[in-house]
>>> print(open('work30.txt').read())   # compact mmCIF, C-alpha atoms
# COMPACT_ATOMS: atom_id res chain seq x y z
CA MET Z 1 96.81 98.76 120.54
CA ILE Z 2 96.29 101.95 122.53
CA ILE Z 3 99.20 101.06 124.85
CA ILE Z 4 101.54 101.20 121.84
CA PHE Z 5 100.74 104.88 121.46
CA LEU Z 6 101.50 105.46 125.15
CA VAL Z 7 104.92 103.77 124.79
CA THR Z 8 105.67 105.71 121.60
CA GLY Z 9 104.74 109.00 123.24
CA LEU Z 10 106.98 108.30 126.22
CA LEU Z 11 109.92 107.46 123.92
CA ILE Z 12 109.36 110.71 122.01
CA VAL Z 13 109.39 112.58 125.34
CA LEU Z 14 112.74 110.89 126.08
CA THR Z 15 114.18 112.12 122.76
CA ILE Z 16 112.83 115.60 123.53
CA LEU Z 17 114.70 115.51 126.85
CA LEU Z 18 117.91 114.47 125.05
CA SER Z 19 117.51 117.43 122.68
CA LEU Z 20 116.76 119.75 125.61
CA CYS Z 21 120.17 118.90 127.08
CA ARG Z 22 121.76 120.31 123.92
CA ALA Z 23 119.51 123.39 124.10
CA VAL Z 24 120.64 124.05 127.68
CA VAL Z 25 124.34 123.15 127.36
CA GLY Z 26 125.18 124.06 123.78
CA PRO Z 27 127.81 126.75 123.26
CA GLY Z 28 126.66 129.66 121.20
CA VAL Z 29 123.24 130.72 120.00
CA PHE Z 30 123.19 128.59 116.84
CA ASN Z 31 123.24 125.30 118.74
CA ARG Z 32 120.34 126.48 120.86
CA VAL Z 33 118.25 127.58 117.88
CA ALA Z 34 118.91 124.26 116.12
CA ALA Z 35 117.94 122.31 119.24
CA VAL Z 36 114.73 124.33 119.63
CA ASN Z 37 113.86 123.62 116.00
CA VAL Z 38 114.40 119.90 116.57
CA ILE Z 39 112.24 119.99 119.71
CA GLY Z 40 109.47 121.72 117.77
CA THR Z 41 109.44 119.14 115.00
CA LYS Z 42 109.35 116.33 117.58
CA THR Z 43 106.44 118.04 119.34
CA ILE Z 44 104.35 117.79 116.15
CA VAL Z 45 104.61 114.00 116.18
CA LEU Z 46 103.90 113.97 119.93
CA LEU Z 47 100.68 115.94 119.38
CA ILE Z 48 99.51 113.52 116.67
CA ILE Z 49 100.26 110.49 118.87
CA MET Z 50 98.32 112.16 121.71
CA GLY Z 51 95.38 112.61 119.36
CA TYR Z 52 95.23 108.88 118.70
CA TYR Z 53 95.92 107.94 122.33
CA PHE Z 54 92.96 109.92 123.63
CA GLU Z 55 90.89 108.63 120.63
CA ARG Z 56 90.08 112.14 119.56
CA PRO Z 57 91.64 112.61 116.12
CA LEU Z 58 89.87 115.88 115.53
CA PHE Z 59 92.56 118.16 116.88
CA PHE Z 60 95.00 117.63 114.04
CA ASP Z 61 94.69 121.26 113.07
CA ILE Z 62 96.97 122.06 116.01
CA PRO Z 63 100.03 120.14 114.63
CA LEU Z 64 99.53 121.78 111.22
CA LEU Z 65 99.54 125.22 112.81
CA TYR Z 66 102.45 124.30 115.05
CA ALA Z 67 104.52 123.11 112.09
CA MET Z 68 103.99 126.38 110.25
CA ILE Z 69 104.78 128.51 113.34
CA ASN Z 70 107.94 126.49 114.01
CA PHE Z 71 109.15 126.88 110.42
CA ILE Z 72 108.50 130.63 110.33
CA GLY Z 73 110.15 131.08 113.73
CA THR Z 74 113.31 129.27 112.68
CA LEU Z 75 113.52 131.26 109.45
CA ALA Z 76 113.09 134.51 111.39
CA PHE Z 77 115.85 133.49 113.81
CA ALA Z 78 118.19 132.62 110.93
CA LYS Z 79 117.56 135.92 109.17
CA TYR Z 80 118.02 137.93 112.35
CA LEU Z 81 121.26 136.18 113.28
CA GLU Z 82 122.59 136.55 109.73
CA ARG Z 83 121.84 140.25 109.13
CA GLY Z 84 121.43 141.72 112.59
CA GLU Z 85 117.94 143.02 111.83
CA LEU Z 86 114.67 141.65 110.56
CA TRP Z 87 113.23 144.40 108.36
CA SER Z 88 115.78 145.44 105.79
CA MET O 89 93.87 93.00 112.12
CA VAL O 90 97.00 91.37 113.52
CA LEU O 91 98.82 92.05 110.23
CA ILE O 92 97.75 95.71 110.29
CA ASP O 93 98.88 96.02 113.92
CA GLY O 94 102.25 94.50 113.00
CA ILE O 95 102.77 96.89 110.09
CA VAL O 96 101.84 99.91 112.23
CA ILE O 97 104.09 98.82 115.11
CA ILE O 98 107.04 98.20 112.75
CA LEU O 99 106.63 101.65 111.15
CA LEU O 100 106.40 103.33 114.58
CA ALA O 101 109.49 101.44 115.80
CA ILE O 102 111.58 102.42 112.76
CA GLY O 103 110.50 106.04 113.16
CA ILE O 104 111.39 106.07 116.86
CA PHE O 105 114.77 104.52 116.02
CA PHE O 106 115.56 107.28 113.53
CA MET O 107 114.47 109.97 115.97
CA PHE O 108 116.71 108.46 118.65
CA VAL O 109 119.64 108.43 116.23
CA GLY O 110 119.00 112.09 115.46
CA ALA O 111 118.82 113.06 119.15
CA VAL O 112 121.98 111.14 120.04
CA GLY O 113 123.77 112.73 117.10
CA LEU O 114 122.64 116.17 118.25
CA LEU O 115 124.01 115.43 121.69
CA ARG O 116 127.20 113.61 120.74
CA LEU O 117 128.80 115.04 117.59
CA PRO O 118 131.64 117.58 117.93
CA ASP O 119 130.51 120.57 115.89
CA PHE O 120 127.48 122.65 114.92
CA TYR O 121 127.52 121.59 111.27
CA THR O 122 127.89 117.91 112.06
CA ARG O 123 125.06 118.14 114.59
CA LEU O 124 122.73 119.59 111.99
CA HIS O 125 123.93 116.95 109.54
CA ALA O 126 122.65 114.36 112.00
CA THR O 127 119.31 115.94 112.87
CA GLY O 128 118.26 117.46 109.56
CA LYS O 129 117.78 114.10 107.89
CA CYS O 130 116.99 111.69 110.71
CA ASP O 131 114.15 113.76 112.13
CA THR O 132 112.53 114.24 108.74
CA LEU O 133 112.59 110.54 107.91
CA GLY O 134 111.49 109.45 111.39
CA GLU O 135 108.51 111.75 111.49
CA GLY O 136 107.49 110.75 107.98
CA LEU O 137 107.52 107.07 108.95
CA ILE O 138 105.57 107.63 112.18
CA ILE O 139 102.86 109.68 110.46
CA LEU O 140 102.66 107.09 107.64
CA GLY O 141 102.02 104.38 110.23
CA LEU O 142 99.31 106.49 111.82
CA ILE O 143 97.65 107.02 108.43
CA ILE O 144 97.48 103.23 107.98
CA TYR O 145 96.08 102.91 111.52
CA HIS O 146 93.41 105.48 110.76
CA PHE O 147 92.32 103.73 107.56
CA PHE O 148 91.67 100.44 109.32
CA TYR O 149 90.37 101.49 112.74
CA TYR O 150 88.18 104.52 112.08
CA SER O 151 85.19 104.01 109.82
CA GLY O 152 83.62 106.59 107.58
CA ILE O 153 85.04 109.12 105.19
CA SER O 154 86.93 111.92 106.85
CA LEU O 155 89.51 114.53 105.98
CA ILE O 156 92.03 113.51 108.64
CA PRO O 157 94.35 111.27 106.51
CA VAL O 158 94.56 114.09 103.97
CA LYS O 159 95.61 116.44 106.75
CA LEU O 160 98.29 113.98 107.89
CA LEU O 161 99.52 113.53 104.31
CA PHE O 162 99.76 117.29 103.93
CA LEU O 163 101.70 117.38 107.21
CA ILE O 164 104.20 114.81 105.84
CA ILE O 165 104.67 116.86 102.64
CA PHE O 166 105.06 120.09 104.61
CA ILE O 167 107.65 118.57 106.98
CA PHE O 168 109.60 117.10 104.04
CA ILE O 169 109.80 120.57 102.49
CA ALA O 170 110.11 122.77 105.57
CA ASN O 171 112.54 120.91 107.81
CA PRO O 172 115.50 120.79 105.35
CA THR O 173 114.77 124.39 104.38
CA ALA O 174 115.00 125.55 108.00
CA THR O 175 118.19 123.53 108.48
CA HIS O 176 119.72 125.05 105.36
CA ALA O 177 118.75 128.57 106.43
CA ILE O 178 120.31 128.31 109.85
CA VAL O 179 123.48 126.62 108.54
CA LYS O 180 123.87 129.40 105.97
CA ALA O 181 123.39 132.03 108.69
CA ALA O 182 126.07 130.35 110.82
CA TYR O 183 128.45 130.12 107.86
CA LEU O 184 128.02 133.76 106.86
CA THR O 185 128.63 134.97 110.41
CA GLY O 186 132.00 133.23 110.44
CA LEU O 187 131.57 130.01 112.39
CA THR O 188 134.44 127.85 111.16
CA PRO O 189 133.92 124.12 110.68
CA TRP O 190 135.54 121.59 112.99
CA ARG O 191 138.67 119.78 111.83
CA LEU O 192 140.20 116.56 113.06
CA GLY O 193 142.34 117.11 116.12
CA GLU O 194 140.69 120.25 117.42
CA GLU O 195 138.76 120.19 120.66
CA ARG O 196 135.01 119.75 120.77
CA ARG O 197 132.80 122.77 120.94
>>> encode(input="work30.txt", output="structure tokens")
Amino acid sequence: MIIIFLVTGLLIVLTILLSLCRAVVGPGVFNRVAAVNVIGTKTIVLLIIMGYYFERPLFFDIPLLYAMINFIGTLAFAKYLERGELWS
Amino acid sequence: MVLIDGIVIILLAIGIFFMFVGAVGLLRLPDFYTRLHATGKCDTLGEGLIILGLIIYHFFYYSGISLIPVKLLFLIIFIFIANPTATHAIVKAAYLTGLTPWRLGEERR
């Protein structure tokens, strides 16, 4: 059953690489920010799968924290790109 | 145990399928808005299904009372709220800065 988590993690890494192509190629800053957001939300699932693959499900505080940081970062990027400044 | 393994594997496979559809849509579609239309929903559903499968796995393979399934459930709820909100925020920022949507016949960008 553990090998299933290895296969799932490798497939998630493959989807992360597909999204990274868009983050490198994509024209304009909005495509890159969207691709980075998608990579962050895939990384959360990758961290949880790693927790069950190494049979150490105690580090699930890290995905929680990562989800919150990713959300705040994307909102800050959106506000900065919309208004041109952050504190207004 | 074989039934539980089957349910977990099916949930993980459906989640991986949705995440692949989202990634291919992000790579393949012609416009910024259509790309976010692909990823904003597929990623949310795929991650929800994968974490649901892992919650079921945890209930049947780890004994004892622990707080970890509650944490995973909170993570599902947070992703279901936060991911569409972030997508909406960045689409609104792109629309207000004057990025015009793609129409049929124009070139890809």
>>> residues_near_point(input="work30.txt", point="(118.7, 117.7, 107.7)", cutoff="6 Å", atoms="only C-alpha atoms", output="PyMOL selection string")
chain O and resi 125+127-129+172+175
>>> closest_residue(input="work30.txt", among="O:Leu117, O:Leu192, O:Ala174, O:Ile143", to="chain Z", atoms="all atoms listed in the file")
O:Ala174
>>> closest_atom_pairs(input="work30.txt", of="region 105-181 of chain O", to="region 40-44 of chain Z", cutoff="9 Å", atoms="all atoms listed in the file", output="CSV")
residue,atom,partner,partner_atom,distance
O:Met107,CA,Z:Lys42,CA,8.3
O:Asp131,CA,Z:Lys42,CA,7.7
O:Thr132,CA,Z:Thr41,CA,8.5
O:Glu135,CA,Z:Lys42,CA,7.7
O:Ile167,CA,Z:Thr41,CA,8.2
O:Asn171,CA,Z:Thr41,CA,8.0
>>> closest_residue(input="work30.txt", among="O:Tyr121, O:Leu99, O:Tyr149, O:Leu114", to="Pro189 (chain O)", atoms="all atoms listed in the file")
O:Tyr121
>>> closest_residue(input="work30.txt", among="O:Ile144, O:Leu91, O:Val179, O:Leu115", to="Cys21 (chain Z)", atoms="all atoms listed in the file")
O:Leu115
>>> interface_residues(input="work30.txt", of="chain Z", to="chain O", cutoff="6 Å", atoms="only C-alpha atoms", output="list of chain:residue names")
Z:Thr15, Z:Ser19, Z:Arg22, Z:Ala78, Z:Glu82
>>> decode(input="work30.txt", residues="region 6-83 of chain Z", atoms="C-alpha atoms", output="tab-separated table (two decimals), in the first residue's frame")
chain	number	residue	atom	x	y	z
Z	6	LEU	CA	5.13	6.71	-4.10
Z	7	VAL	CA	3.36	6.45	-7.49
Z	8	THR	CA	0.89	9.19	-6.54
Z	9	GLY	CA	3.69	11.48	-5.42
Z	10	LEU	CA	5.59	10.96	-8.66
Z	11	LEU	CA	2.46	11.75	-10.71
Z	12	ILE	CA	1.91	14.93	-8.70
Z	13	VAL	CA	5.54	15.90	-9.41
Z	14	LEU	CA	4.79	15.37	-13.12
Z	15	THR	CA	1.79	17.73	-12.94
Z	16	ILE	CA	3.97	20.25	-11.09
Z	17	LEU	CA	6.47	20.09	-13.95
Z	18	LEU	CA	3.66	20.67	-16.49
Z	19	SER	CA	2.56	23.74	-14.53
Z	20	LEU	CA	6.18	24.94	-14.27
Z	21	CYS	CA	6.35	25.03	-18.08
Z	22	ARG	CA	3.51	27.58	-18.03
Z	23	ALA	CA	5.26	29.55	-15.27
Z	24	VAL	CA	8.44	29.75	-17.38
Z	25	VAL	CA	6.88	30.30	-20.83
Z	26	GLY	CA	3.71	32.21	-20.09
Z	27	PRO	CA	3.42	35.69	-21.57
Z	28	GLY	CA	2.78	38.40	-19.06
Z	29	VAL	CA	2.93	38.43	-15.29
Z	30	PHE	CA	-0.62	37.19	-14.68
Z	31	ASN	CA	0.03	33.79	-16.25
Z	32	ARG	CA	3.10	33.38	-14.08
Z	33	VAL	CA	1.29	34.31	-10.87
Z	34	ALA	CA	-1.56	31.92	-11.70
Z	35	ALA	CA	0.90	29.10	-12.43
Z	36	VAL	CA	2.76	29.73	-9.16
Z	37	ASN	CA	-0.55	29.59	-7.29
Z	38	VAL	CA	-1.38	26.27	-8.94
Z	39	ILE	CA	2.07	24.89	-8.08
Z	40	GLY	CA	1.59	25.93	-4.45
Z	41	THR	CA	-1.75	24.19	-4.13
Z	42	LYS	CA	-0.30	21.03	-5.67
Z	43	THR	CA	2.62	21.17	-3.23
Z	44	ILE	CA	0.19	20.93	-0.30
Z	45	VAL	CA	-1.08	17.57	-1.53
Z	46	LEU	CA	2.51	16.45	-2.21
Z	47	LEU	CA	3.48	17.24	1.39
Z	48	ILE	CA	0.54	15.23	2.77
Z	49	ILE	CA	1.37	12.25	0.53
Z	50	MET	CA	5.00	12.46	1.71
Z	51	GLY	CA	3.78	12.36	5.30
Z	52	TYR	CA	2.01	9.06	4.69
Z	53	TYR	CA	4.83	7.64	2.56
Z	54	PHE	CA	7.42	8.11	5.28
Z	55	GLU	CA	4.82	6.89	7.86
Z	56	ARG	CA	5.19	10.04	9.88
Z	57	PRO	CA	1.80	11.78	9.80
Z	58	LEU	CA	2.79	14.27	12.45
Z	59	PHE	CA	4.05	16.98	10.15
Z	60	PHE	CA	0.66	17.98	8.81
Z	61	ASP	CA	1.04	21.40	10.38
Z	62	ILE	CA	3.37	22.27	7.50
Z	63	PRO	CA	0.70	21.89	4.73
Z	64	LEU	CA	-1.75	23.97	6.80
Z	65	LEU	CA	0.81	26.75	7.14
Z	66	TYR	CA	1.79	26.44	3.49
Z	67	ALA	CA	-1.83	26.74	2.35
Z	68	MET	CA	-2.30	29.93	4.33
Z	69	ILE	CA	0.99	31.46	3.09
Z	70	ASN	CA	0.11	30.57	-0.51
Z	71	PHE	CA	-3.34	32.15	-0.24
Z	72	ILE	CA	-2.04	35.36	1.35
Z	73	GLY	CA	0.77	35.59	-1.21
Z	74	THR	CA	-1.60	35.28	-4.16
Z	75	LEU	CA	-3.95	37.89	-2.70
Z	76	ALA	CA	-1.02	40.27	-2.15
Z	77	PHE	CA	0.13	39.75	-5.74
Z	78	ALA	CA	-3.39	40.42	-7.06
Z	79	LYS	CA	-3.76	43.60	-5.02
Z	80	TYR	CA	-0.33	44.89	-6.03
Z	81	LEU	CA	-0.90	44.21	-9.73
Z	82	GLU	CA	-4.36	45.81	-9.58
Z	83	ARG	CA	-3.51	49.05	-7.74
